[in-house]
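**Q** Contents of my_file25.cif (mmCIF, C-alpha atoms and all ligand atoms) are below:
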```cif
data_start
#
loop_
_atom_site.label_atom_id
_atom_site.label_comp_id
_atom_site.auth_asym_id
_atom_site.auth_seq_id
_atom_site.Cartn_x
_atom_site.Cartn_y
_atom_site.Cartn_z
CA MET A 1 -7.73 11.19 -26.27
CA ASN A 2 -9.77 9.65 -23.46
CA HIS A 3 -7.68 6.63 -22.52
CA GLY A 4 -9.37 3.79 -20.77
CA LYS A 5 -7.67 1.04 -18.83
CA VAL A 6 -7.53 -2.71 -18.44
CA THR A 7 -7.87 -4.47 -15.10
CA LEU A 8 -6.93 -8.13 -14.91
CA VAL A 9 -9.24 -9.52 -12.27
CA GLY A 10 -8.94 -12.85 -10.48
CA ALA A 11 -12.44 -14.33 -10.34
CA GLY A 12 -11.42 -17.01 -7.85
CA PRO A 13 -12.20 -20.73 -8.11
CA GLY A 14 -15.93 -20.38 -8.81
CA ASP A 15 -17.85 -19.55 -5.63
CA PRO A 16 -18.75 -15.85 -6.00
CA GLU A 17 -18.43 -15.43 -2.22
CA LEU A 18 -14.69 -15.89 -2.68
CA LEU A 19 -14.29 -12.75 -4.79
CA THR A 20 -12.36 -9.88 -3.23
CA LEU A 21 -14.09 -6.53 -2.69
CA LYS A 22 -11.68 -5.05 -5.21
CA ALA A 23 -12.75 -7.63 -7.78
CA VAL A 24 -16.44 -6.87 -7.21
CA ARG A 25 -15.83 -3.13 -7.58
CA ALA A 26 -13.80 -3.62 -10.75
CA ILE A 27 -16.48 -5.86 -12.30
CA GLN A 28 -19.20 -3.33 -11.42
CA SER A 29 -17.28 -0.47 -13.00
CA ALA A 30 -16.36 -2.36 -16.19
CA THR A 31 -17.79 -1.20 -19.50
CA VAL A 32 -16.29 -4.18 -21.34
CA LEU A 33 -15.76 -7.61 -19.77
CA LEU A 34 -13.70 -10.38 -21.33
CA VAL A 35 -14.59 -13.58 -19.59
CA ASP A 36 -12.60 -16.81 -19.41
CA ASP A 37 -14.05 -20.29 -19.35
CA LEU A 38 -13.68 -21.08 -15.69
CA VAL A 39 -15.44 -17.94 -14.48
CA SER A 40 -18.86 -18.71 -13.02
CA ASP A 41 -22.07 -17.06 -14.19
CA GLU A 42 -22.80 -15.58 -10.75
CA VAL A 43 -19.55 -13.62 -10.99
CA VAL A 44 -20.36 -12.31 -14.47
CA ALA A 45 -23.85 -11.36 -13.22
CA LEU A 46 -22.27 -8.66 -11.06
CA ALA A 47 -21.58 -6.58 -14.17
CA THR A 48 -23.91 -3.71 -14.99
CA PRO A 49 -26.53 -4.32 -17.72
CA GLN A 50 -24.75 -1.73 -19.88
CA ALA A 51 -21.46 -3.63 -19.91
CA ARG A 52 -20.47 -5.46 -23.05
CA ILE A 53 -19.66 -9.05 -22.14
CA VAL A 54 -17.42 -11.11 -24.39
CA TYR A 55 -16.85 -14.78 -23.63
CA VAL A 56 -13.40 -15.76 -24.78
CA GLY A 57 -13.23 -19.32 -23.47
CA LYS A 58 -14.49 -22.58 -24.91
CA ARG A 59 -18.09 -22.14 -23.75
CA GLY A 60 -20.81 -23.46 -25.98
CA GLY A 61 -18.48 -25.97 -27.56
CA CYS A 62 -16.64 -23.30 -29.55
CA LYS A 63 -12.90 -23.28 -29.77
CA SER A 64 -11.34 -20.80 -27.41
CA THR A 65 -10.75 -17.34 -28.83
CA PRO A 66 -7.22 -16.89 -30.18
CA GLN A 67 -5.01 -15.03 -27.72
CA ALA A 68 -4.05 -12.48 -30.40
CA PHE A 69 -7.71 -11.50 -30.80
CA ILE A 70 -8.15 -11.07 -27.05
CA LEU A 71 -5.09 -8.83 -26.85
CA LYS A 72 -6.27 -6.76 -29.80
CA LEU A 73 -9.76 -6.34 -28.37
CA MET A 74 -8.40 -5.25 -24.98
CA VAL A 75 -6.09 -2.65 -26.50
CA ALA A 76 -8.71 -1.31 -28.93
CA SER A 77 -11.40 -1.06 -26.23
CA ALA A 78 -9.06 0.68 -23.78
CA LEU A 79 -8.01 3.15 -26.47
CA GLU A 80 -11.70 3.93 -27.04
CA GLY A 81 -11.89 4.92 -23.38
CA HIS A 82 -13.43 1.76 -21.97
CA HIS A 83 -12.69 0.24 -18.61
CA VAL A 84 -11.92 -3.28 -19.71
CA VAL A 85 -12.05 -6.01 -17.10
CA ARG A 86 -10.34 -9.22 -18.04
CA LEU A 87 -11.92 -11.84 -15.79
CA LYS A 88 -9.74 -14.85 -15.22
CA GLY A 89 -10.37 -17.94 -13.13
CA GLY A 90 -8.48 -18.13 -9.84
CA ASP A 91 -5.60 -15.67 -9.71
CA PRO A 92 -4.63 -13.93 -12.97
CA PHE A 93 -0.95 -14.63 -12.41
CA ILE A 94 -1.15 -18.35 -11.68
CA PHE A 95 -1.07 -20.23 -15.00
CA GLY A 96 -3.49 -17.79 -16.54
CA ARG A 97 -1.35 -16.04 -19.13
CA GLY A 98 -1.90 -12.90 -17.06
CA GLY A 99 1.78 -12.06 -17.27
CA GLU A 100 1.84 -12.19 -21.06
CA GLU A 101 -1.28 -10.07 -21.32
CA LEU A 102 0.12 -7.46 -18.95
CA GLU A 103 3.37 -7.21 -20.91
CA HIS A 104 1.45 -6.72 -24.13
CA LEU A 105 -0.83 -4.05 -22.64
CA ARG A 106 2.07 -2.15 -21.09
CA ALA A 107 3.96 -2.25 -24.38
CA ALA A 108 0.87 -0.73 -26.04
CA GLY A 109 0.91 2.08 -23.46
CA ILE A 110 -2.35 1.02 -21.80
CA ASP A 111 -2.97 1.72 -18.11
CA THR A 112 -3.23 -1.57 -16.28
CA ALA A 113 -4.08 -2.94 -12.86
CA VAL A 114 -4.22 -6.44 -11.45
CA VAL A 115 -6.57 -7.73 -8.76
CA ASN A 116 -5.63 -10.96 -7.01
CA GLY A 117 -8.01 -13.87 -6.85
CA ILE A 118 -8.02 -17.03 -4.77
CA THR A 119 -6.18 -19.56 -6.86
CA SER A 120 -7.88 -22.93 -7.32
CA GLY A 121 -4.97 -24.78 -5.71
CA LEU A 122 -5.73 -23.07 -2.43
CA ALA A 123 -9.46 -23.62 -2.83
CA ALA A 124 -8.73 -27.31 -3.44
CA ALA A 125 -6.78 -27.55 -0.19
CA ASN A 126 -9.69 -25.94 1.61
CA ALA A 127 -12.07 -28.45 0.03
CA LEU A 128 -9.91 -31.20 1.45
CA GLY A 129 -9.75 -29.47 4.82
CA VAL A 130 -5.97 -29.73 4.85
CA PRO A 131 -3.31 -27.08 5.31
CA LEU A 132 -0.79 -27.34 2.46
CA THR A 133 2.05 -26.46 4.81
CA HIS A 134 1.07 -28.32 7.98
CA ARG A 135 4.37 -28.15 9.81
CA ASP A 136 4.28 -31.79 10.87
CA HIS A 137 4.24 -32.87 7.21
CA ALA A 138 5.57 -30.17 4.87
CA GLN A 139 8.13 -27.42 4.72
CA GLY A 140 6.51 -25.70 1.79
CA VAL A 141 4.43 -26.04 -1.33
CA ILE A 142 5.04 -26.03 -5.07
CA LEU A 143 2.41 -24.93 -7.59
CA VAL A 144 3.15 -26.66 -10.87
CA THR A 145 1.40 -27.32 -14.17
CA GLY A 146 0.80 -30.93 -15.16
CA HIS A 147 0.73 -29.93 -18.79
CA GLY A 148 3.67 -31.66 -20.43
CA LYS A 149 5.01 -28.46 -21.85
CA GLN A 150 4.69 -24.84 -20.83
CA ALA A 151 6.16 -22.40 -23.34
CA GLY A 152 8.24 -25.16 -24.92
CA LEU A 153 9.87 -26.20 -21.65
CA SER A 154 9.16 -29.61 -20.23
CA THR A 155 9.08 -30.20 -16.49
CA ASP A 156 11.89 -32.24 -14.95
CA TRP A 157 9.51 -34.42 -12.97
CA ARG A 158 12.25 -36.71 -11.73
CA ALA A 159 14.04 -33.79 -10.07
CA LEU A 160 10.82 -32.21 -8.86
CA ALA A 161 9.48 -35.43 -7.34
CA ALA A 162 12.80 -36.25 -5.67
CA THR A 163 13.00 -32.74 -4.22
CA ALA A 164 9.40 -32.85 -3.02
CA HIS A 165 10.25 -36.10 -1.25
CA SER A 166 13.56 -35.08 0.31
CA ALA A 167 12.62 -31.49 1.16
CA ARG A 168 9.09 -32.44 2.29
CA LEU A 169 7.21 -30.21 -0.12
CA THR A 170 3.54 -30.54 -1.06
CA LEU A 171 2.89 -30.55 -4.81
CA VAL A 172 -0.20 -28.74 -6.07
CA ILE A 173 -0.66 -29.72 -9.69
CA TYR A 174 -2.84 -27.71 -12.07
CA MET A 175 -4.04 -29.08 -15.43
CA GLY A 176 -2.94 -32.57 -14.48
CA VAL A 177 -5.96 -34.85 -14.91
CA THR A 178 -5.91 -35.13 -18.70
CA GLY A 179 -2.43 -36.60 -18.77
CA VAL A 180 -2.68 -38.24 -15.37
CA GLN A 181 -1.27 -41.63 -16.39
CA GLN A 182 1.94 -40.07 -17.66
CA LEU A 183 2.07 -37.75 -14.65
CA GLN A 184 1.80 -40.70 -12.29
CA SER A 185 4.71 -42.48 -13.98
CA GLU A 186 6.82 -39.34 -13.87
CA LEU A 187 6.13 -38.68 -10.20
CA LEU A 188 6.91 -42.29 -9.30
CA THR A 189 10.50 -41.70 -10.45
CA GLY A 190 11.09 -39.66 -7.29
CA LEU A 191 8.25 -40.32 -4.85
CA PRO A 192 7.24 -43.57 -3.10
CA PRO A 193 4.22 -45.45 -4.52
CA GLY A 194 2.32 -45.06 -1.26
CA THR A 195 2.55 -41.27 -1.23
CA PRO A 196 -0.92 -39.96 -0.38
CA VAL A 197 -2.64 -37.96 -3.12
CA ALA A 198 -5.98 -36.19 -3.38
CA VAL A 199 -7.70 -34.91 -6.51
CA VAL A 200 -10.33 -32.17 -6.21
CA GLN A 201 -12.72 -31.36 -9.02
CA ASP A 202 -14.76 -28.13 -9.13
CA ALA A 203 -13.26 -26.76 -5.92
CA SER A 204 -15.61 -24.29 -4.15
CA LEU A 205 -18.55 -25.07 -6.46
CA PRO A 206 -21.72 -27.00 -5.51
CA THR A 207 -20.45 -29.80 -7.79
CA GLN A 208 -17.20 -30.07 -5.83
CA ARG A 209 -15.95 -33.58 -5.09
CA PHE A 210 -12.67 -35.27 -4.40
CA VAL A 211 -10.99 -38.61 -4.47
CA LYS A 212 -8.31 -39.61 -2.03
CA THR A 213 -5.82 -42.18 -3.20
CA SER A 214 -2.13 -43.05 -3.34
CA LEU A 215 0.38 -42.20 -6.06
CA ASP A 216 0.51 -45.70 -7.55
CA GLN A 217 -3.33 -45.70 -7.82
CA LEU A 218 -3.72 -42.11 -9.01
CA ALA A 219 -4.62 -42.64 -12.68
CA ALA A 220 -6.85 -45.64 -11.91
CA SER A 221 -8.76 -43.66 -9.28
CA VAL A 222 -9.22 -40.63 -11.54
CA SER A 223 -10.52 -42.82 -14.32
CA ARG A 224 -12.78 -44.96 -12.13
CA GLU A 225 -14.33 -41.93 -10.42
CA LYS A 226 -14.56 -40.02 -13.70
CA ILE A 227 -12.78 -37.00 -12.30
CA THR A 228 -12.49 -34.45 -15.08
CA SER A 229 -11.10 -30.98 -15.61
CA PRO A 230 -11.07 -28.56 -13.87
CA ALA A 231 -9.28 -30.43 -11.13
CA ILE A 232 -6.30 -30.00 -8.85
CA ILE A 233 -4.03 -32.86 -7.80
CA VAL A 234 -2.46 -32.46 -4.36
CA VAL A 235 0.47 -34.77 -3.66
CA GLY A 236 2.00 -35.21 -0.24
CA GLU A 237 1.63 -36.25 3.37
CA VAL A 238 -0.67 -33.31 4.16
CA THR A 239 -3.47 -35.02 2.19
CA ARG A 240 -3.47 -38.00 4.55
CA ALA A 241 -5.73 -36.08 6.91
CA ALA A 242 -8.24 -35.18 4.20
CA ALA A 243 -10.80 -37.92 4.81
CA GLN A 244 -10.77 -37.34 8.56
CA SER A 245 -11.77 -33.74 8.22
CA ALA A 246 -14.53 -34.69 5.79
CA GLY A 247 -15.90 -36.98 8.48
CA LEU A 248 -14.85 -40.18 6.77
CA PRO A 249 -12.70 -43.02 8.07
CA ASP A 250 -8.98 -42.54 7.60
CA ILE A 251 -8.29 -45.15 4.97
CA ALA A 252 -5.61 -44.45 2.46
CA VAL A 253 -7.17 -45.36 -0.84
CA ASP A 254 -10.14 -44.29 -2.93
CA VAL A 255 -12.49 -42.42 -0.70
CA VAL A 256 -14.95 -40.45 -2.75
CA VAL A 257 -16.71 -37.69 -0.93
CA PRO A 258 -20.36 -37.11 -1.87
CA ARG A 259 -21.86 -34.09 -3.69
CA ARG A 260 -21.21 -35.87 -6.94
CA ARG A 261 -22.49 -34.65 -10.22
CA HIS A 262 -25.23 -36.97 -11.45
CA ARG A 263 -25.02 -37.66 -15.15
N1 LIG A 301 -5.51 -18.95 -12.91
C1 LIG A 301 -6.17 -20.18 -12.47
C2 LIG A 301 -5.57 -21.40 -13.12
C3 LIG A 301 -5.77 -21.46 -14.63
S1 LIG A 301 -5.19 -22.95 -15.33
C4 LIG A 301 -6.10 -20.26 -10.96
O1 LIG A 301 -5.39 -19.48 -10.33
O2 LIG A 301 -6.77 -21.11 -10.38
C5 LIG A 301 -6.66 -23.95 -15.33
C6 LIG A 301 -6.56 -25.03 -14.28
O3 LIG A 301 -6.89 -24.51 -13.00
C7 LIG A 301 -7.51 -26.18 -14.47
O4 LIG A 301 -7.03 -27.11 -15.42
C8 LIG A 301 -7.52 -26.78 -13.08
O5 LIG A 301 -6.34 -27.52 -12.84
C9 LIG A 301 -7.47 -25.53 -12.23
N2 LIG A 301 -8.79 -25.08 -11.76
C10 LIG A 301 -9.41 -23.94 -12.05
N3 LIG A 301 -10.58 -23.83 -11.38
C11 LIG A 301 -10.70 -24.96 -10.64
C12 LIG A 301 -11.66 -25.44 -9.71
N4 LIG A 301 -12.76 -24.75 -9.38
N5 LIG A 301 -11.43 -26.65 -9.13
C13 LIG A 301 -10.33 -27.36 -9.41
N6 LIG A 301 -9.39 -26.95 -10.27
C14 LIG A 301 -9.56 -25.77 -10.87
#
```
Translate the structure of the given file into structure tokens.
Ligand code: SAH
**A**
Amino acid sequence: MNHGKVTLVGAGPGDPELLTLKAVRAIQSATVLLVDDLVSDEVVALATPQARIVYVGKRGGCKSTPQAFILKLMVASALEGHHVVRLKGGDPFIFGRGGEELEHLRAAGIDTAVVNGITSGLAAANALGVPLTHRDHAQGVILVTGHGKQAGLSTDWRALAATAHSARLTLVIYMGVTGVQQLQSELLTGLPPGTPVAVVQDASLPTQRFVKTSLDQLAASVSREKITSPAIIVVGEVTRAAAQSAGLPDIAVDVVVPRRRHR
């Protein structure tokens, strides 16, 4: 039988210029594309006109496609001989269920490959113009989900915040804006109220904007500036320099950089 294959491709944070050459080649050779919500149209437009494109996110107000259906479709299409490209926002292995999908595909005997993408946490840091590991301020960086529970496990925020403080680690929080009030309270159990924080919405896209604030003002700033998902919250001293590099005065609280979405 003519076996196809599945390539999990990182589509990056949105700007098509941030795709890797490998990603572009994979998209162009795909005969079936399964596209996640946060993948921009310009990226999908690289597919050939013959490719079958299936949107599996929440576009158009529909509920997202059940994961079981996505897995089934990938396996069935590959077995028919298709080159299936699973396009995922950012990097497929950072909070994208890429790992689960790969396990399932391997168990079904499907040939697989993975192409890295620029994860949105890194694009957010670039939007702020700050290095996440500036050696004057941080020894390292933690990528963490702000979703209360991931696979039934809840994050020990007290321990995480205390460690970030004592070990001088920058926190890059994905999926954090929806439950930002709770997140703020949790982080305050281990980090000082004045800890500088920046929140970046739509990193790398023309609609990109950010708010710079402090931990004790985080939820209020997000709500006042109507920052919505997708957004990344960066917590730590490295964000103090953000406004300077955006050409704004270095004040600690509530600087909103232009390029706002007008609604
Ligand atoms: N695999 C993706 C993350 C998927 S989880 C990656 O590597 O980036 C979805 C979360 O990613 C969103 O809730 C948001 O926190 C973040 N995200 C994705 N795209 C973003 C963007 N352009 N700007 C800011 N955050 C983004």
**Q** Please identify the residues whose atoms come within 9 Å of ligand LIG 301 (chain A), using only C-alpha atoms and all ligand atoms, and report them as a PDB file with C-alpha atoms, keeping the file's coordinate frame.
**A**
```pdb
ATOM      1  CA  GLY A  10      -8.940 -12.850 -10.480  1.00  0.00           C
ATOM      2  CA  ALA A  11     -12.440 -14.330 -10.340  1.00  0.00           C
ATOM      3  CA  GLY A  12     -11.420 -17.010  -7.850  1.00  0.00           C
ATOM      4  CA  PRO A  13     -12.200 -20.730  -8.110  1.00  0.00           C
ATOM      5  CA  GLY A  14     -15.930 -20.380  -8.810  1.00  0.00           C
ATOM      6  CA  ASP A  15     -17.850 -19.550  -5.630  1.00  0.00           C
ATOM      7  CA  LEU A  38     -13.680 -21.080 -15.690  1.00  0.00           C
ATOM      8  CA  VAL A  39     -15.440 -17.940 -14.480  1.00  0.00           C
ATOM      9  CA  LYS A  88      -9.740 -14.850 -15.220  1.00  0.00           C
ATOM     10  CA  GLY A  89     -10.370 -17.940 -13.130  1.00  0.00           C
ATOM     11  CA  GLY A  90      -8.480 -18.130  -9.840  1.00  0.00           C
ATOM     12  CA  ASP A  91      -5.600 -15.670  -9.710  1.00  0.00           C
ATOM     13  CA  PRO A  92      -4.630 -13.930 -12.970  1.00  0.00           C
ATOM     14  CA  PHE A  93      -0.950 -14.630 -12.410  1.00  0.00           C
ATOM     15  CA  ILE A  94      -1.150 -18.350 -11.680  1.00  0.00           C
ATOM     16  CA  PHE A  95      -1.070 -20.230 -15.000  1.00  0.00           C
ATOM     17  CA  GLY A  96      -3.490 -17.790 -16.540  1.00  0.00           C
ATOM     18  CA  ARG A  97      -1.350 -16.040 -19.130  1.00  0.00           C
ATOM     19  CA  GLY A  98      -1.900 -12.900 -17.060  1.00  0.00           C
ATOM     20  CA  GLY A 117      -8.010 -13.870  -6.850  1.00  0.00           C
ATOM     21  CA  ILE A 118      -8.020 -17.030  -4.770  1.00  0.00           C
ATOM     22  CA  THR A 119      -6.180 -19.560  -6.860  1.00  0.00           C
ATOM     23  CA  SER A 120      -7.880 -22.930  -7.320  1.00  0.00           C
ATOM     24  CA  GLY A 121      -4.970 -24.780  -5.710  1.00  0.00           C
ATOM     25  CA  LEU A 122      -5.730 -23.070  -2.430  1.00  0.00           C
ATOM     26  CA  ALA A 123      -9.460 -23.620  -2.830  1.00  0.00           C
ATOM     27  CA  ALA A 124      -8.730 -27.310  -3.440  1.00  0.00           C
ATOM     28  CA  THR A 145       1.400 -27.320 -14.170  1.00  0.00           C
ATOM     29  CA  GLY A 146       0.800 -30.930 -15.160  1.00  0.00           C
ATOM     30  CA  HIS A 147       0.730 -29.930 -18.790  1.00  0.00           C
ATOM     31  CA  ILE A 173      -0.660 -29.720  -9.690  1.00  0.00           C
ATOM     32  CA  TYR A 174      -2.840 -27.710 -12.070  1.00  0.00           C
ATOM     33  CA  MET A 175      -4.040 -29.080 -15.430  1.00  0.00           C
ATOM     34  CA  GLY A 176      -2.940 -32.570 -14.480  1.00  0.00           C
ATOM     35  CA  VAL A 177      -5.960 -34.850 -14.910  1.00  0.00           C
ATOM     36  CA  THR A 178      -5.910 -35.130 -18.700  1.00  0.00           C
ATOM     37  CA  VAL A 199      -7.700 -34.910  -6.510  1.00  0.00           C
ATOM     38  CA  VAL A 200     -10.330 -32.170  -6.210  1.00  0.00           C
ATOM     39  CA  GLN A 201     -12.720 -31.360  -9.020  1.00  0.00           C
ATOM     40  CA  ASP A 202     -14.760 -28.130  -9.130  1.00  0.00           C
ATOM     41  CA  ALA A 203     -13.260 -26.760  -5.920  1.00  0.00           C
ATOM     42  CA  SER A 204     -15.610 -24.290  -4.150  1.00  0.00           C
ATOM     43  CA  LEU A 205     -18.550 -25.070  -6.460  1.00  0.00           C
ATOM     44  CA  GLN A 208     -17.200 -30.070  -5.830  1.00  0.00           C
ATOM     45  CA  SER A 229     -11.100 -30.980 -15.610  1.00  0.00           C
ATOM     46  CA  PRO A 230     -11.070 -28.560 -13.870  1.00  0.00           C
ATOM     47  CA  ALA A 231      -9.280 -30.430 -11.130  1.00  0.00           C
ATOM     48  CA  ILE A 232      -6.300 -30.000  -8.850  1.00  0.00           C
ATOM     49  CA  ILE A 233      -4.030 -32.860  -7.800  1.00  0.00           C
TER      50      ILE A 233
END
```
**Q** For a quick check of understanding, using all atoms listed in the file, which of A:Leu87, A:Leu153, A:Val211, A:Leu34 has the smallest distance to Asn116 of chain A?
**A** A:Leu87
**Q** Name the closest residue to Val6 of chain A among the candidates A:Ser29, A:Thr112, A:Thr155, A:Thr213; distances are taken between atoms, counting all atoms listed in the file.
**A**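 Closest candidate: A:Thr112.
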**Q** Kindly indicate which residue among A:Gly179, A:Ile70, A:Gly236, A:Ile110 lies nearest to Val141 of chain A, using only C-alpha atoms for the distances.
**A**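 Smallest separation from Val141 of chain A among the options: A:Gly236.
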**Q** Could you please determine the separation between atom CA of Leu183 of chain A and atom CA of Leu218 of chain A in Å, to one decimal place?
**A**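 Pair atom CA of Leu183 of chain A / atom CA of Leu218 of chain A returns 9.2 Å.
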**Q** Name the residues in contact with segment 42-51 of chain A at a cut-off of 6 Å, using all atoms listed in the file, excluding same-chain residues fewer than 6 positions from it; report them as a ChimeraX atom specification.
**A** /A:16,27-28,31-32
**Q** Pick out the closest residue to Gly99 of chain A from this set: A:Val24, A:Leu128, A:Leu8, A:Leu73. Count all atoms listed in the file.
**A** A:Leu8
**Q** Using only C-alpha atoms, which of the listed residues (A:Gly129, A:Thr20, A:Thr7, A:Gly140) sits closest to Val114 of chain A?
**A** A:Thr7
**Q** For atom CA of Val75 of chain A and atom CA of Lys5 of chain A, determine how far apart the two atoms are, in Å to one decimal place.
**A**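 Result for atom CA of Val75 of chain A versus atom CA of Lys5 of chain A: 8.7 Å, one decimal.
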**Q** Rank A:Lys22, A:Arg86, A:Lys226, A:Arg158 by their smallest atom-to-atom distance to Ile53 of chain A, using only C-alpha atoms, and report the top residue only.
**A**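 Looking at the shortest contact to Ile53 of chain A, the residue is A:Arg86.
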**Q** One decimal, Å: what's the distance from atom CA of Ser77 of chain A over to atom CA of Asp41 of chain A, could you say?
**A**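 Distance reported for this atom pair: 22.7 Å.
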**Q** Near Ala164 of chain A, within 9 Å and counting only C-alpha atoms, which residues show up once chain neighbours fewer than 6 positions away are dropped, as a list in words?
**A**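 Within the cut-off, the hits are Val141, Ile142, Thr170, Leu171, Gly190, Leu191 and Gly236 of chain A.
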**Q** Write out as a PyMOL selection string the residues lying within 12 Å of Leu169 of chain A, counting only C-alpha atoms and excluding same-chain residues fewer than 5 positions away.
**A** chain A and resi 132-143+160-164+191+234-239
**Q** Mind writing the picked residues with C-alpha atoms as a compact mmCIF listing (two decimals), keeping the file's coordinate frame?
**A**
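After the write, result-v5.txt holds the following:
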```txt
# COMPACT_ATOMS: atom_id res chain seq x y z
CA LEU A 132 -0.79 -27.34 2.46
CA THR A 133 2.05 -26.46 4.81
CA HIS A 134 1.07 -28.32 7.98
CA ARG A 135 4.37 -28.15 9.81
CA ASP A 136 4.28 -31.79 10.87
CA HIS A 137 4.24 -32.87 7.21
CA ALA A 138 5.57 -30.17 4.87
CA GLN A 139 8.13 -27.42 4.72
CA GLY A 140 6.51 -25.70 1.79
CA VAL A 141 4.43 -26.04 -1.33
CA ILE A 142 5.04 -26.03 -5.07
CA LEU A 143 2.41 -24.93 -7.59
CA LEU A 160 10.82 -32.21 -8.86
CA ALA A 161 9.48 -35.43 -7.34
CA ALA A 162 12.80 -36.25 -5.67
CA THR A 163 13.00 -32.74 -4.22
CA ALA A 164 9.40 -32.85 -3.02
CA LEU A 191 8.25 -40.32 -4.85
CA VAL A 234 -2.46 -32.46 -4.36
CA VAL A 235 0.47 -34.77 -3.66
CA GLY A 236 2.00 -35.21 -0.24
CA GLU A 237 1.63 -36.25 3.37
CA VAL A 238 -0.67 -33.31 4.16
CA THR A 239 -3.47 -35.02 2.19
```
**Q** Could you tell me, as a list of chain:residue names, which residues have any atom at most 6 Å from (-4.3, -39.3, 1.5), counting only C-alpha atoms?
**A** A:Pro196, A:Val197, A:Lys212, A:Thr213, A:Thr239, A:Arg240, A:Ala252
**Q** Only C-alpha atoms needed: put segment 191-202 of chain A from the block into a file as a short mmCIF file (atom, residue, chain, number, x, y, z; two decimals), in the first residue's frame.
**A**
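Printed below is part_19.cif as written:
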```cif
data_model
loop_
_atom_site.label_atom_id
_atom_site.label_comp_id
_atom_site.auth_asym_id
_atom_site.auth_seq_id
_atom_site.Cartn_x
_atom_site.Cartn_y
_atom_site.Cartn_z
CA LEU A 191 6.93 37.31 43.90
CA PRO A 192 6.99 40.94 45.12
CA PRO A 193 4.02 43.16 44.11
CA GLY A 194 6.30 45.51 42.20
CA THR A 195 7.69 42.79 39.93
CA PRO A 196 7.62 44.18 36.39
CA VAL A 197 5.29 42.38 33.97
CA ALA A 198 4.46 42.83 30.30
CA VAL A 199 1.56 41.33 28.37
CA VAL A 200 1.79 41.00 24.59
CA GLN A 201 -1.24 40.36 22.43
CA ASP A 202 -0.97 39.18 18.80
#
```
